[in-house]
Amino acid sequence: MHGSHSHSGHSHAGHSHGGHSHAPADFGRAFLIGTTLNLAFVLVEGLAGILTGSMALLADAGHNLSDVLGLLIAWGGAELAKRPASRRFTYGLSSSTILAALANAVLLLFAVGAIALEAVQRFQDPPPVAGLTVMIVAGVGILINGATAFMFMRGRAGDINIRGAYLHMVADAAVSAGVVLGGGLILLTSASWIDPAISLVIVAVILWSTWGLLRDSVTMALHAVPAGIDPEKVEALLAALPGVARVHDLHIWPMSTTESALTAHLLIPGGHPGDAFLDGAQQRLEQDFGIGHATLQIEVGDGDPCRLHKGHSHGRDGHDHASHDHDGHGHG
């Protein structure tokens with residue numbers, strides 16, 4: 001914990017870090033194995049798609065190629081997040097994981113557009129397809145994608161960068177299963193239109209799995225309060241701490257796909273409560289909300305209001321107390 005110091009009549013509490021680590025788990029080996037397996041499969045599947053004339057195989061190979069690039073992007077983000085903070089990048093490069101997740105989502109949107117366009121064109125003149133070959137190649141894809149997804153399974157809940165890699169692999173396994181089904185139907189019916197139809201189903205699956213990743217990565221990039229953290233509950237916790245009369249200038253944002261930060265001003269008329277108070281507040285924030293990097297500014301007067309947004313601050317009496325900018329607008 002950085003010591004407190006006086007500045008412009010206020011006492012500022014510095015960063016207080018709890019005992020838990022929020023560093024992302026190391027998935028370097030999973031990225032290496034997954035990337036190698038999928039890249040090899042892309043080459044095999046793409047060649048098989050060209051030789052058999054299967055648009056479904058080519059579509060799946062194109063999607064798998066985007067997944068290889070996606071794995072590389074996610075891997076790069078995870079590695080950059082390990083770099084220590086510097087004088088210029090005072091939070092380190094942990095936000096790289098957010099950019100990686102966003103880049104993955106955008107990359108997938110371009111991939112599905114290309115697949116959909118080719119599939120629609122194939123409907124006009126569908127070429128004959130070797131159904132058995134399609135089934136065998138896609139069956140191998142189920143094994144490879146399923147194994148890769150399994151390696152990222154344990155990290156999917158707490159890191160959208162890892163979740164992006166996991167969802168891509170799960171979707172690929174499901175898509176490959178659909179391609180196997182399509183190959184079987186082609187063998188039974190000799191209907192070549194089934195192949196581009198399966199391609200459009202692949203597009204729908206990819207879009208469905210990508211939407212959540214796109215939404216979450218965009219909100220994180222815009223510094224929205226991380227999912228799973230209720231800012232009103234955080235404010236209520238701080239307002240209920242001993243000696244706190246009011247909370248204002250509360251900001252909560254993601255530092256990375258696994259770490260959250262908070263800043264807040266606490267009005268304590270009785271004066272600075274000491275380091276034990278700050279340590280306890282940080283522990284509560286980390287235990288209750290997973291916020292591992294908090295900066296609390298202690299004030300004995302009203303202080304200068306936040307100019308960023310309107311809102312209200314909470315006092316110990318449970319009522320809302322509006323604070324105002326110089327132009328008369330309230331803020332949080």
# chains A, B, ... in the order shown; residues from 1 in each chain; ligands from 1
$ select_by_dssp --residues "range 109-214 of chain A" --states "alpha helix (DSSP H)" --output "PyMOL selection string"
chain A and resi 109-124+131-152+160-189+194-214
$ closest_residue --among "A:Leu213, A:Leu200, A:Met220, A:Ala281" --to "Ala239 in chain A" --atoms "only C-alpha atoms"
A:Ala281
$ closest_residue --among "A:Gly164, A:Gly34, A:Gly290, A:Gly146" --to "Val234 in chain A" --atoms "only C-alpha atoms"
A:Gly290
$ atom_distance --atom1 "CA of Leu93 in chain A" --atom2 "CA of His251 in chain A"
20.2 Å
$ closest_residue --among "A:Met169, A:Val201, A:Leu117, A:Ala138" --to "Ser66 in chain A" --atoms "only C-alpha atoms"
A:Met169
$ atom_distance --atom1 "CA of Gln297 in chain A" --atom2 "CA of Ser95 in chain A"
24.3 Å
$ residues_around --residues "Leu262 in chain A" --least-positions-apart "6" --cutoff "7 Å" --atoms "only C-alpha atoms" --output "PyMOL selection string"
chain A and resi 251-253+293-295
$ write_last_selection --atoms "N, CA and C atoms" --output "PDB file, in the first residue's frame"
ATOM      1  N   HIS A 251     -15.496   5.200  -9.713  1.00  0.00           N
ATOM      2  CA  HIS A 251     -15.270   4.688 -11.068  1.00  0.00           C
ATOM      3  C   HIS A 251     -14.754   3.254 -10.974  1.00  0.00           C
ATOM      4  N   ILE A 252     -15.329   2.377 -11.777  1.00  0.00           N
ATOM      5  CA  ILE A 252     -14.924   0.970 -11.816  1.00  0.00           C
ATOM      6  C   ILE A 252     -14.730   0.597 -13.280  1.00  0.00           C
ATOM      7  N   TRP A 253     -13.592   0.006 -13.607  1.00  0.00           N
ATOM      8  CA  TRP A 253     -13.328  -0.332 -15.001  1.00  0.00           C
ATOM      9  C   TRP A 253     -12.418  -1.553 -15.086  1.00  0.00           C
ATOM     10  N   HIS A 293      -7.546  -3.880  -7.487  1.00  0.00           N
ATOM     11  CA  HIS A 293      -6.702  -2.685  -7.587  1.00  0.00           C
ATOM     12  C   HIS A 293      -7.582  -1.473  -7.290  1.00  0.00           C
ATOM     13  N   ALA A 294      -7.560  -0.985  -6.048  1.00  0.00           N
ATOM     14  CA  ALA A 294      -8.429   0.117  -5.634  1.00  0.00           C
ATOM     15  C   ALA A 294      -7.621   1.303  -5.149  1.00  0.00           C
ATOM     16  N   THR A 295      -8.050   2.496  -5.512  1.00  0.00           N
ATOM     17  CA  THR A 295      -7.460   3.736  -5.031  1.00  0.00           C
ATOM     18  C   THR A 295      -8.566   4.534  -4.345  1.00  0.00           C
TER      19      THR A 295
END
$ closest_residue --among "A:Asp275, A:Glu259, A:Asp67, A:Asp249" --to "Ala103 in chain A" --atoms "only C-alpha atoms"
A:Asp67
$ atom_distance --atom1 "CA of Ala149 in chain A" --atom2 "CA of Val170 in chain A"
5.8 Å
$ closest_residue --among "A:Ile198, A:Trp211, A:Thr52, A:Glu299" --to "Ala245 in chain A" --atoms "only C-alpha atoms"
A:Glu299
$ closest_residue --among "A:Pro242, A:Leu188, A:Leu267, A:Phe150" --to "Gly280 in chain A" --atoms "only C-alpha atoms"
A:Pro242
$ closest_atom_pairs --of "range 60-143 of chain A" --to "range 178-185 of chain A" --cutoff "7 Å" --atoms "only C-alpha atoms" --output "Markdown table"
| residue | atom | partner | partner_atom | distance |
| --- | --- | --- | --- | --- |
| A:Gly131 | CA | A:Gly183 | CA | 4.2 |
| A:Leu132 | CA | A:Gly183 | CA | 6.3 |
| A:Val134 | CA | A:Gly183 | CA | 5.6 |
| A:Met135 | CA | A:Val180 | CA | 4.3 |
| A:Ala138 | CA | A:Val180 | CA | 5.8 |
| A:Gly139 | CA | A:Val180 | CA | 6.4 |
$ select_by_dssp --residues "range 81-327 of chain A" --states "strand (DSSP E)" --output "JSON, numbers by chain"
{"A": [246, 247, 248, 249, 250, 251, 252, 253, 254, 260, 261, 262, 263, 264, 265, 266, 267, 293, 294, 295, 296, 297, 298, 299, 313, 314, 315, 320, 321, 323, 324]}
$ write_last_selection --atoms "N, CA, C and O atoms" --output "short mmCIF file (atom, residue, chain, number, x, y, z; two decimals), in the first residue's frame"
data_model
loop_
_atom_site.label_atom_id
_atom_site.label_comp_id
_atom_site.auth_asym_id
_atom_site.auth_seq_id
_atom_site.Cartn_x
_atom_site.Cartn_y
_atom_site.Cartn_z
N ARG A 246 -20.04 9.98 3.11
CA ARG A 246 -20.50 10.04 1.73
C ARG A 246 -19.46 9.46 0.80
O ARG A 246 -18.26 9.53 1.08
N VAL A 247 -19.92 8.91 -0.32
CA VAL A 247 -19.04 8.36 -1.36
C VAL A 247 -19.35 9.09 -2.66
O VAL A 247 -20.51 9.26 -3.03
N HIS A 248 -18.31 9.55 -3.35
CA HIS A 248 -18.53 10.15 -4.68
C HIS A 248 -17.32 9.86 -5.55
O HIS A 248 -16.33 9.26 -5.12
N ASP A 249 -17.42 10.28 -6.81
CA ASP A 249 -16.35 10.02 -7.80
C ASP A 249 -15.98 8.54 -7.86
O ASP A 249 -14.80 8.19 -7.94
N LEU A 250 -16.98 7.67 -7.84
CA LEU A 250 -16.74 6.23 -7.90
C LEU A 250 -16.62 5.80 -9.37
O LEU A 250 -17.54 6.02 -10.16
N HIS A 251 -15.50 5.20 -9.71
CA HIS A 251 -15.27 4.69 -11.07
C HIS A 251 -14.75 3.25 -10.97
O HIS A 251 -13.84 2.97 -10.20
N ILE A 252 -15.33 2.38 -11.78
CA ILE A 252 -14.92 0.97 -11.82
C ILE A 252 -14.73 0.60 -13.28
O ILE A 252 -15.60 0.86 -14.11
N TRP A 253 -13.59 0.01 -13.61
CA TRP A 253 -13.33 -0.33 -15.00
C TRP A 253 -12.42 -1.55 -15.09
O TRP A 253 -11.71 -1.89 -14.14
N PRO A 254 -12.41 -2.24 -16.24
CA PRO A 254 -11.52 -3.40 -16.42
C PRO A 254 -10.13 -2.97 -16.83
O PRO A 254 -9.96 -2.17 -17.76
N SER A 260 -9.85 -5.95 -12.44
CA SER A 260 -10.68 -4.75 -12.36
C SER A 260 -10.03 -3.73 -11.44
O SER A 260 -9.31 -4.08 -10.51
N ALA A 261 -10.31 -2.45 -11.71
CA ALA A 261 -9.77 -1.36 -10.90
C ALA A 261 -10.89 -0.45 -10.44
O ALA A 261 -11.98 -0.43 -11.03
N LEU A 262 -10.63 0.28 -9.37
CA LEU A 262 -11.63 1.18 -8.79
C LEU A 262 -10.95 2.41 -8.23
O LEU A 262 -9.86 2.33 -7.66
N THR A 263 -11.60 3.56 -8.38
CA THR A 263 -11.21 4.76 -7.67
C THR A 263 -12.47 5.36 -7.05
O THR A 263 -13.55 5.26 -7.62
N ALA A 264 -12.32 5.95 -5.87
CA ALA A 264 -13.47 6.55 -5.20
C ALA A 264 -12.98 7.59 -4.19
O ALA A 264 -11.87 7.49 -3.66
N HIS A 265 -13.82 8.58 -3.93
CA HIS A 265 -13.57 9.58 -2.90
C HIS A 265 -14.49 9.27 -1.71
O HIS A 265 -15.70 9.09 -1.89
N LEU A 266 -13.91 9.19 -0.53
CA LEU A 266 -14.67 8.93 0.69
C LEU A 266 -14.62 10.15 1.59
O LEU A 266 -13.54 10.59 1.99
N LEU A 267 -15.79 10.70 1.89
CA LEU A 267 -15.87 11.83 2.81
C LEU A 267 -15.91 11.30 4.24
O LEU A 267 -16.86 10.62 4.64
N HIS A 293 -7.55 -3.88 -7.49
CA HIS A 293 -6.70 -2.68 -7.59
C HIS A 293 -7.58 -1.47 -7.29
O HIS A 293 -8.31 -0.99 -8.16
N ALA A 294 -7.56 -0.99 -6.05
CA ALA A 294 -8.43 0.12 -5.63
C ALA A 294 -7.62 1.30 -5.15
O ALA A 294 -6.61 1.15 -4.46
N THR A 295 -8.05 2.50 -5.51
CA THR A 295 -7.46 3.74 -5.03
C THR A 295 -8.57 4.53 -4.35
O THR A 295 -9.56 4.89 -4.99
N LEU A 296 -8.39 4.80 -3.05
CA LEU A 296 -9.40 5.51 -2.27
C LEU A 296 -8.84 6.85 -1.80
O LEU A 296 -7.77 6.89 -1.18
N GLN A 297 -9.52 7.92 -2.13
CA GLN A 297 -9.11 9.25 -1.70
C GLN A 297 -9.97 9.67 -0.51
O GLN A 297 -11.20 9.72 -0.61
N ILE A 298 -9.32 9.96 0.62
CA ILE A 298 -10.02 10.36 1.83
C ILE A 298 -10.14 11.88 1.88
O ILE A 298 -9.16 12.60 1.67
N GLU A 299 -11.34 12.36 2.14
CA GLU A 299 -11.59 13.79 2.22
C GLU A 299 -12.30 14.14 3.53
O GLU A 299 -13.14 13.37 4.00
N SER A 313 -24.35 10.53 -4.85
CA SER A 313 -23.48 9.84 -3.93
C SER A 313 -24.29 9.45 -2.71
O SER A 313 -25.29 10.09 -2.37
N HIS A 314 -23.89 8.38 -2.05
CA HIS A 314 -24.65 7.82 -0.95
C HIS A 314 -24.03 8.16 0.39
O HIS A 314 -22.83 8.04 0.58
N GLY A 315 -24.84 8.57 1.30
CA GLY A 315 -24.38 8.82 2.66
C GLY A 315 -24.75 7.69 3.59
O GLY A 315 -25.43 6.74 3.20
N ASP A 320 -29.81 9.54 -0.94
CA ASP A 320 -28.92 10.02 -1.99
C ASP A 320 -28.61 11.48 -1.76
O ASP A 320 -29.48 12.28 -1.44
N HIS A 321 -27.33 11.83 -1.94
CA HIS A 321 -26.90 13.22 -1.81
C HIS A 321 -26.32 13.66 -3.13
O HIS A 321 -25.27 13.17 -3.55
N SER A 323 -24.31 15.77 -5.70
CA SER A 323 -23.21 16.71 -5.72
C SER A 323 -23.20 17.38 -7.08
O SER A 323 -23.72 16.83 -8.05
N HIS A 324 -22.62 18.56 -7.20
CA HIS A 324 -22.80 19.34 -8.42
C HIS A 324 -21.48 19.86 -8.95
O HIS A 324 -20.58 20.23 -8.22
#
$ residues_around --residues "Leu32 in chain A" --least-positions-apart "4" --cutoff "9 Å" --atoms "only C-alpha atoms" --output "ChimeraX atom specification"
/A:27-28,36-37,71-72,75
$ decode --residues "range 291-302 of chain A" --atoms "N, CA, C and O atoms" --output "mmCIF file, in the first residue's frame"
data_model
loop_
_atom_site.group_PDB
_atom_site.id
_atom_site.type_symbol
_atom_site.label_atom_id
_atom_site.label_comp_id
_atom_site.auth_asym_id
_atom_site.auth_seq_id
_atom_site.Cartn_x
_atom_site.Cartn_y
_atom_site.Cartn_z
ATOM 1 N N ILE A 291 -12.419 -6.961 -7.116
ATOM 2 C CA ILE A 291 -11.694 -5.755 -7.502
ATOM 3 C C ILE A 291 -10.363 -5.751 -6.759
ATOM 4 O O ILE A 291 -10.309 -5.499 -5.562
ATOM 5 N N GLY A 292 -9.275 -6.018 -7.465
ATOM 6 C CA GLY A 292 -7.984 -6.178 -6.823
ATOM 7 C C GLY A 292 -7.090 -4.963 -6.860
ATOM 8 O O GLY A 292 -5.976 -4.991 -6.345
ATOM 9 N N HIS A 293 -7.546 -3.880 -7.487
ATOM 10 C CA HIS A 293 -6.702 -2.685 -7.587
ATOM 11 C C HIS A 293 -7.582 -1.473 -7.290
ATOM 12 O O HIS A 293 -8.311 -0.992 -8.161
ATOM 13 N N ALA A 294 -7.560 -0.985 -6.048
ATOM 14 C CA ALA A 294 -8.429 0.117 -5.634
ATOM 15 C C ALA A 294 -7.621 1.303 -5.149
ATOM 16 O O ALA A 294 -6.609 1.147 -4.461
ATOM 17 N N THR A 295 -8.050 2.496 -5.512
ATOM 18 C CA THR A 295 -7.460 3.736 -5.031
ATOM 19 C C THR A 295 -8.566 4.534 -4.345
ATOM 20 O O THR A 295 -9.559 4.887 -4.989
ATOM 21 N N LEU A 296 -8.393 4.804 -3.051
ATOM 22 C CA LEU A 296 -9.396 5.511 -2.268
ATOM 23 C C LEU A 296 -8.836 6.852 -1.804
ATOM 24 O O LEU A 296 -7.775 6.894 -1.177
ATOM 25 N N GLN A 297 -9.523 7.919 -2.130
ATOM 26 C CA GLN A 297 -9.110 9.251 -1.699
ATOM 27 C C GLN A 297 -9.971 9.665 -0.510
ATOM 28 O O GLN A 297 -11.203 9.718 -0.607
ATOM 29 N N ILE A 298 -9.321 9.960 0.616
ATOM 30 C CA ILE A 298 -10.018 10.365 1.831
ATOM 31 C C ILE A 298 -10.139 11.878 1.876
ATOM 32 O O ILE A 298 -9.159 12.598 1.666
ATOM 33 N N GLU A 299 -11.345 12.364 2.144
ATOM 34 C CA GLU A 299 -11.586 13.794 2.218
ATOM 35 C C GLU A 299 -12.302 14.140 3.526
ATOM 36 O O GLU A 299 -13.136 13.366 3.996
ATOM 37 N N VAL A 300 -11.999 15.304 4.080
ATOM 38 C CA VAL A 300 -12.680 15.761 5.288
ATOM 39 C C VAL A 300 -13.705 16.839 4.951
ATOM 40 O O VAL A 300 -14.539 17.199 5.786
ATOM 41 N N GLY A 301 -13.642 17.355 3.707
ATOM 42 C CA GLY A 301 -14.634 18.293 3.212
ATOM 43 C C GLY A 301 -15.306 17.709 1.996
ATOM 44 O O GLY A 301 -15.067 16.547 1.635
ATOM 45 N N ASP A 302 -16.159 18.500 1.319
ATOM 46 C CA ASP A 302 -16.898 17.973 0.174
ATOM 47 C C ASP A 302 -15.995 17.660 -1.013
ATOM 48 O O ASP A 302 -16.277 16.789 -1.808
#
